[in-house]
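File shown here: coords.cif, holding mmCIF, C-alpha atoms.
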data_upload
#
loop_
_atom_site.group_PDB
_atom_site.id
_atom_site.type_symbol
_atom_site.label_atom_id
_atom_site.label_comp_id
_atom_site.auth_asym_id
_atom_site.auth_seq_id
_atom_site.Cartn_x
_atom_site.Cartn_y
_atom_site.Cartn_z
ATOM 1 C CA MET A 1 -10.034 -12.893 19.569
ATOM 2 C CA SER A 2 -8.890 -12.970 15.956
ATOM 3 C CA THR A 3 -6.600 -15.570 14.420
ATOM 4 C CA PRO A 4 -3.009 -14.309 14.276
ATOM 5 C CA LEU A 5 -1.888 -13.271 10.806
ATOM 6 C CA THR A 6 0.776 -15.607 9.427
ATOM 7 C CA ALA A 7 0.681 -14.889 5.684
ATOM 8 C CA ARG A 8 1.578 -12.039 3.325
ATOM 9 C CA LEU A 9 -1.557 -10.432 1.861
ATOM 10 C CA LEU A 10 -2.317 -7.800 -0.770
ATOM 11 C CA VAL A 11 -5.709 -6.109 -0.510
ATOM 12 C CA LEU A 12 -6.891 -4.324 -3.652
ATOM 13 C CA GLY A 13 -9.952 -2.224 -4.341
ATOM 14 C CA GLY A 14 -11.201 1.106 -5.565
ATOM 15 C CA ALA A 15 -11.651 4.257 -3.537
ATOM 16 C CA ARG A 16 -13.866 3.766 -0.475
ATOM 17 C CA SER A 17 -14.223 0.056 -1.218
ATOM 18 C CA GLY A 18 -13.514 -1.120 2.340
ATOM 19 C CA LYS A 19 -9.988 -2.326 1.622
ATOM 20 C CA SER A 20 -8.304 -0.514 4.541
ATOM 21 C CA THR A 21 -10.920 -1.671 7.045
ATOM 22 C CA PHE A 22 -10.582 -5.266 5.809
ATOM 23 C CA ALA A 23 -6.774 -5.036 5.930
ATOM 24 C CA GLU A 24 -6.888 -3.758 9.511
ATOM 25 C CA GLN A 25 -9.106 -6.680 10.506
ATOM 26 C CA GLN A 26 -6.715 -9.137 8.854
ATOM 27 C CA ALA A 27 -3.688 -7.613 10.590
ATOM 28 C CA GLY A 28 -5.314 -8.249 13.960
ATOM 29 C CA LEU A 29 -7.287 -5.640 15.855
ATOM 30 C CA ASP A 30 -6.493 -7.282 19.210
ATOM 31 C CA THR A 31 -2.732 -7.728 18.732
ATOM 32 C CA PRO A 32 0.203 -5.334 18.268
ATOM 33 C CA VAL A 33 0.709 -4.309 14.635
ATOM 34 C CA ASP A 34 3.295 -2.135 12.914
ATOM 35 C CA TYR A 35 1.158 0.232 10.846
ATOM 36 C CA LEU A 36 3.218 1.729 8.031
ATOM 37 C CA ALA A 37 1.648 4.956 6.775
ATOM 38 C CA THR A 38 2.959 6.096 3.406
ATOM 39 C CA SER A 39 1.218 9.478 3.468
ATOM 40 C CA GLU A 40 2.088 12.821 4.944
ATOM 41 C CA VAL A 41 -0.558 15.131 6.328
ATOM 42 C CA ARG A 42 -0.836 18.061 3.961
ATOM 43 C CA ALA A 43 -2.191 21.030 5.886
ATOM 44 C CA ASP A 44 -3.223 22.723 2.622
ATOM 45 C CA ASP A 45 -5.671 19.870 1.880
ATOM 46 C CA PRO A 46 -8.441 19.733 4.539
ATOM 47 C CA GLU A 47 -10.114 16.705 2.945
ATOM 48 C CA TRP A 48 -6.838 14.736 3.121
ATOM 49 C CA VAL A 49 -6.297 15.837 6.722
ATOM 50 C CA GLU A 50 -9.752 14.443 7.552
ATOM 51 C CA ARG A 51 -9.011 11.124 5.817
ATOM 52 C CA VAL A 52 -5.796 10.726 7.803
ATOM 53 C CA ARG A 53 -7.623 11.625 11.035
ATOM 54 C CA LEU A 54 -10.268 8.961 10.427
ATOM 55 C CA HIS A 55 -7.608 6.330 9.704
ATOM 56 C CA ARG A 56 -5.771 7.237 12.914
ATOM 57 C CA GLU A 57 -8.968 7.053 14.980
ATOM 58 C CA ARG A 58 -9.706 3.536 13.707
ATOM 59 C CA ARG A 59 -6.330 2.162 14.810
ATOM 60 C CA PRO A 60 -5.979 0.609 18.252
ATOM 61 C CA SER A 61 -3.752 2.640 20.591
ATOM 62 C CA TYR A 62 -1.338 -0.281 20.983
ATOM 63 C CA TRP A 63 -0.488 -0.324 17.264
ATOM 64 C CA ASN A 64 2.893 1.164 16.382
ATOM 65 C CA THR A 65 2.640 3.775 13.619
ATOM 66 C CA ILE A 66 5.628 4.078 11.296
ATOM 67 C CA GLU A 67 5.640 6.950 8.824
ATOM 68 C CA THR A 68 8.176 6.193 6.097
ATOM 69 C CA LEU A 69 8.535 5.562 2.399
ATOM 70 C CA ASP A 70 11.279 2.979 2.983
ATOM 71 C CA LEU A 71 8.984 -0.027 2.666
ATOM 72 C CA ALA A 72 11.856 -2.379 1.902
ATOM 73 C CA ALA A 73 13.503 -1.764 5.288
ATOM 74 C CA GLU A 74 10.296 -2.592 7.159
ATOM 75 C CA LEU A 75 9.597 -5.613 4.961
ATOM 76 C CA ARG A 76 13.061 -6.945 5.782
ATOM 77 C CA ASN A 77 12.591 -6.432 9.520
ATOM 78 C CA ASP A 78 12.986 -9.859 11.141
ATOM 79 C CA THR A 79 10.018 -9.903 13.511
ATOM 80 C CA ASP A 80 6.742 -11.736 14.030
ATOM 81 C CA THR A 81 4.844 -8.463 14.484
ATOM 82 C CA PRO A 82 2.427 -8.068 11.570
ATOM 83 C CA LEU A 83 3.068 -5.153 9.215
ATOM 84 C CA LEU A 84 0.135 -3.281 7.685
ATOM 85 C CA ILE A 85 1.100 -1.024 4.766
ATOM 86 C CA ASP A 86 -1.477 1.599 3.840
ATOM 87 C CA CYS A 87 -1.047 2.202 1.016
ATOM 88 C CA LEU A 88 1.024 1.271 -2.029
ATOM 89 C CA THR A 89 -0.856 3.794 -4.164
ATOM 90 C CA VAL A 90 0.378 6.749 -2.131
ATOM 91 C CA TRP A 91 3.845 5.151 -1.919
ATOM 92 C CA LEU A 92 4.019 4.879 -5.720
ATOM 93 C CA THR A 93 2.873 8.471 -6.144
ATOM 94 C CA CYS A 94 5.657 9.621 -3.811
ATOM 95 C CA GLN A 95 8.208 7.498 -5.699
ATOM 96 C CA MET A 96 7.078 8.990 -9.004
ATOM 97 C CA ASP A 97 7.377 12.476 -7.485
ATOM 98 C CA ALA A 98 10.875 11.759 -6.147
ATOM 99 C CA ALA A 99 12.022 10.262 -9.453
ATOM 100 C CA GLY A 100 10.874 13.317 -11.394
ATOM 101 C CA ILE A 101 8.441 11.380 -13.577
ATOM 102 C CA TRP A 102 5.958 14.273 -13.871
ATOM 103 C CA THR A 103 8.632 16.668 -15.186
ATOM 104 C CA ASN A 104 10.551 14.015 -17.146
ATOM 105 C CA GLU A 105 13.807 14.538 -15.265
ATOM 106 C CA PRO A 106 16.895 12.816 -16.681
ATOM 107 C CA GLY A 107 17.060 9.207 -15.438
ATOM 108 C CA CYS A 108 13.543 9.327 -13.961
ATOM 109 C CA ASP A 109 12.445 6.013 -15.485
ATOM 110 C CA GLU A 110 15.507 4.192 -14.139
ATOM 111 C CA THR A 111 15.101 5.794 -10.706
ATOM 112 C CA LEU A 112 11.468 4.699 -10.475
ATOM 113 C CA LYS A 113 12.254 1.206 -11.763
ATOM 114 C CA SER A 114 15.006 0.816 -9.172
ATOM 115 C CA ALA A 115 12.706 1.885 -6.310
ATOM 116 C CA VAL A 116 9.949 -0.490 -7.438
ATOM 117 C CA ASP A 117 12.351 -3.409 -8.045
ATOM 118 C CA HIS A 118 13.945 -2.932 -4.617
ATOM 119 C CA THR A 119 10.563 -2.906 -2.888
ATOM 120 C CA VAL A 120 9.063 -5.835 -4.828
ATOM 121 C CA ASP A 121 12.191 -7.853 -4.015
ATOM 122 C CA ALA A 122 11.645 -7.068 -0.332
ATOM 123 C CA PHE A 123 8.007 -8.248 -0.596
ATOM 124 C CA ALA A 124 9.195 -11.521 -2.132
ATOM 125 C CA LYS A 125 11.723 -12.082 0.655
ATOM 126 C CA ALA A 126 9.603 -10.853 3.570
ATOM 127 C CA THR A 127 9.265 -13.371 6.370
ATOM 128 C CA ARG A 128 7.048 -11.325 8.661
ATOM 129 C CA PRO A 129 3.257 -11.453 8.324
ATOM 130 C CA LEU A 130 1.973 -8.479 6.371
ATOM 131 C CA VAL A 131 -1.017 -6.876 4.733
ATOM 132 C CA ALA A 132 -0.492 -4.307 1.979
ATOM 133 C CA VAL A 133 -3.320 -2.104 0.733
ATOM 134 C CA SER A 134 -3.393 -0.788 -2.830
ATOM 135 C CA ASN A 135 -5.867 0.841 -5.168
ATOM 136 C CA GLU A 136 -6.980 -0.918 -8.313
ATOM 137 C CA VAL A 137 -7.046 1.982 -10.757
ATOM 138 C CA GLY A 138 -7.164 0.205 -14.097
ATOM 139 C CA GLN A 139 -10.830 -0.703 -14.385
ATOM 140 C CA GLY A 140 -12.164 2.634 -15.571
ATOM 141 C CA LEU A 141 -11.844 4.698 -18.691
ATOM 142 C CA VAL A 142 -8.460 5.356 -20.249
ATOM 143 C CA PRO A 143 -7.340 8.680 -18.711
ATOM 144 C CA ALA A 144 -7.221 11.645 -21.097
ATOM 145 C CA ASP A 145 -3.817 12.973 -20.037
ATOM 146 C CA PRO A 146 -0.428 11.235 -20.326
ATOM 147 C CA GLY A 147 0.496 11.665 -16.633
ATOM 148 C CA SER A 148 -2.660 9.914 -15.457
ATOM 149 C CA ARG A 149 -2.177 7.121 -17.996
ATOM 150 C CA ARG A 150 1.416 6.677 -16.811
ATOM 151 C CA PHE A 151 0.303 6.508 -13.182
ATOM 152 C CA ARG A 152 -2.455 3.987 -13.992
ATOM 153 C CA ASP A 153 0.007 1.806 -15.875
ATOM 154 C CA GLU A 154 2.699 1.973 -13.152
ATOM 155 C CA MET A 155 0.098 1.180 -10.475
ATOM 156 C CA GLY A 156 -1.141 -1.824 -12.422
ATOM 157 C CA ILE A 157 2.400 -3.118 -12.893
ATOM 158 C CA LEU A 158 3.236 -2.655 -9.203
ATOM 159 C CA ASN A 159 0.033 -4.421 -8.133
ATOM 160 C CA MET A 160 0.766 -7.363 -10.456
ATOM 161 C CA ARG A 161 4.320 -7.705 -9.197
ATOM 162 C CA VAL A 162 3.353 -7.514 -5.524
ATOM 163 C CA ALA A 163 0.495 -9.977 -6.140
ATOM 164 C CA GLN A 164 3.039 -12.471 -7.496
ATOM 165 C CA ALA A 165 5.255 -11.988 -4.430
ATOM 166 C CA VAL A 166 2.632 -12.465 -1.690
ATOM 167 C CA ASP A 167 0.662 -15.479 -0.477
ATOM 168 C CA GLU A 168 -2.879 -14.146 -0.837
ATOM 169 C CA VAL A 169 -4.634 -11.417 -2.824
ATOM 170 C CA TRP A 170 -8.034 -10.015 -1.868
ATOM 171 C CA PHE A 171 -10.299 -7.652 -3.788
ATOM 172 C CA CYS A 172 -12.803 -5.405 -2.017
ATOM 173 C CA THR A 173 -15.926 -4.011 -3.624
ATOM 174 C CA ALA A 174 -18.692 -2.247 -1.689
ATOM 175 C CA GLY A 175 -17.110 -3.436 1.567
ATOM 176 C CA ILE A 176 -17.150 -7.080 0.484
ATOM 177 C CA PRO A 177 -13.753 -8.799 0.349
ATOM 178 C CA VAL A 178 -13.241 -11.646 -2.125
ATOM 179 C CA LYS A 179 -10.136 -13.800 -2.151
ATOM 180 C CA ILE A 180 -8.696 -13.952 -5.672
ATOM 181 C CA LYS A 181 -5.391 -15.734 -4.920
#
Can you present the structure in this file as structure tokens?
Amino acid sequence: MSTPLTARLLVLGGARSGKSTFAEQQAGLDTPVDYLATSEVRADDPEWVERVRLHRERRPSYWNTIETLDLAAELRNDTDTPLLIDCLTVWLTCQMDAAGIWTNEPGCDETLKSAVDHTVDAFAKATRPLVAVSNEVGQGLVPADPGSRRFRDEMGILNMRVAQAVDEVWFCTAGIPVKIK
């Protein structure tokens, strides 16, 4: 039996670093969990479909899956049921899409800032136990194209702001989690 989650955690790491598996263990494999999936299955991307399938198979059947991009609403839910958010990276990508960042739509920067501010505020005020997963994308080379640089920068800013709002921050490398806050 695992210890019930009582804190708010952020779990960072690169691709295939073990961050989701660690986050699932922290949320509590033997207790009910609200699993918030920020990704849609894209039938035109077989590799993504397989990733989603593997994530679903790992989850206990008694976990409640919530598929939404409205993280703030779930963070504000007044419950003791742990919330596992997987992942902030996909959430940010969807917010950048919706804001029109990639095509430089009028007001896109303000729209994105508002979505991020609203969600970070909800992290800071969350009373329920939670684990959020996010990719650390800023440790490699500077991307060659402006869109990738913008995404890397926005992801780094979001990770820093969420890290300030939560109780603990963990970093996973090669399946090894290390507490950094």
Item to check | Residues in the PyMOL selection byres ((chain A and resi 121) around 12), expressed as a list in words | outcome: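 Against this file, the PyMOL selection byres ((chain A and resi 121) around 12) returns the residues Leu71, Ala72, Ala73, Leu75, Arg76, Lys113, Ser114, Ala115, Val116, Asp117, His118, Thr119, Val120, Ala122, Phe123, Ala124, Lys125, Ala126, Leu158, Arg161, Val162, Gln164, Ala165 and Val166 of chain A.
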Next on the checklist: Take the PyMOL selection byres ((chain A and resi 14) around 7), run it mentally on this structure, and tell me the resulting residues as a PyMOL selection string.
Outcome noted: chain A and resi 13+15-17+135-137
Can you sort out the box for range 99-114 of chain A, edges along x, y and z, all listed atoms in, 4 Å on every side, with centre and edge lengths in Å to one decimal, as AutoDock Vina command-line options?
--center_x 11.5 --center_y 8.7 --center_z -13.2 --size_x 19.1 --size_y 23.9 --size_z 16.0
Checklist entry - Evaluating the PyMOL selection byres ((chain A and resi 80) around 9) on the displayed file yields which residues, as a list in words? => result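 Given this file, the PyMOL selection byres ((chain A and resi 80) around 9) evaluates to Thr6, Asp78, Thr79, Thr81, Pro82, Leu83, Thr127, Arg128 and Pro129 of chain A.
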Next on the checklist: Please compute the CA of Ile180 in chain A-CA of Ala7 in chain A distance, one decimal, in Å.
Outcome noted: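 Going from CA of Ile180 in chain A over to CA of Ala7 in chain A covers 14.8 Å.
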Next on the checklist: When you look at Glu40 in chain A with a cut-off of 12 Å (counting only C-alpha atoms), what residues show up, excluding the ones that are within fewer than 5 positions of it in the same chain? I need them as a ChimeraX atom specification.
Outcome noted: /A:45,48-49,51-53,66-69,86-87,90-91,93-94
(-19.0, -5.2, -0.2) in this file's frame - what residues fall within 12 Å of it? Use all atoms listed in the file and give the answer as a PDB file with C-alpha atoms, in the coordinates of the input.
ATOM      1  CA  GLY A  13      -9.952  -2.224  -4.341  1.00  0.00           C
ATOM      2  CA  GLY A  14     -11.201   1.106  -5.565  1.00  0.00           C
ATOM      3  CA  ARG A  16     -13.866   3.766  -0.475  1.00  0.00           C
ATOM      4  CA  SER A  17     -14.223   0.056  -1.218  1.00  0.00           C
ATOM      5  CA  GLY A  18     -13.514  -1.120   2.340  1.00  0.00           C
ATOM      6  CA  LYS A  19      -9.988  -2.326   1.622  1.00  0.00           C
ATOM      7  CA  THR A  21     -10.920  -1.671   7.045  1.00  0.00           C
ATOM      8  CA  PHE A  22     -10.582  -5.266   5.809  1.00  0.00           C
ATOM      9  CA  PHE A 171     -10.299  -7.652  -3.788  1.00  0.00           C
ATOM     10  CA  CYS A 172     -12.803  -5.405  -2.017  1.00  0.00           C
ATOM     11  CA  THR A 173     -15.926  -4.011  -3.624  1.00  0.00           C
ATOM     12  CA  ALA A 174     -18.692  -2.247  -1.689  1.00  0.00           C
ATOM     13  CA  GLY A 175     -17.110  -3.436   1.567  1.00  0.00           C
ATOM     14  CA  ILE A 176     -17.150  -7.080   0.484  1.00  0.00           C
ATOM     15  CA  PRO A 177     -13.753  -8.799   0.349  1.00  0.00           C
ATOM     16  CA  VAL A 178     -13.241 -11.646  -2.125  1.00  0.00           C
TER      17      VAL A 178
END
Checklist entry - Using only C-alpha atoms, which of the listed residues (A:Ala163, A:Ile157, A:Leu54, A:Ala99) sits closest to Ser20 in chain A? => result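 The answer is A:Leu54, which sits nearest to Ser20 in chain A.
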Item to check | Nearest-residue call for Leu84 in chain A, choices A:Phe151, A:Trp102, A:Trp170, A:Tyr35, using only C-alpha atoms | outcome: A:Tyr35
Next on the checklist: Can you measure CA of Asp109 in chain A to CA of Met96 in chain A for me? One decimal in Å is fine.
Outcome noted: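 The value is 8.9 Å.
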Item to check | Length of the CA of Ser39 in chain A to CA of His55 in chain A vector [Å] | outcome: 11.3 Å
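Proximity of A:Asn104, A:Arg56, A:Val11, A:Asp97 to Ala27 in chain A, computed with all atoms listed in the file, is greatest for A:Val11.
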Item to check | Proximity to Ile85 in chain A - best of A:Glu24, A:Asp153, A:Asp30, A:Glu168, all atoms listed in the file | outcome: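 The answer is A:Glu24, which sits nearest to Ile85 in chain A.
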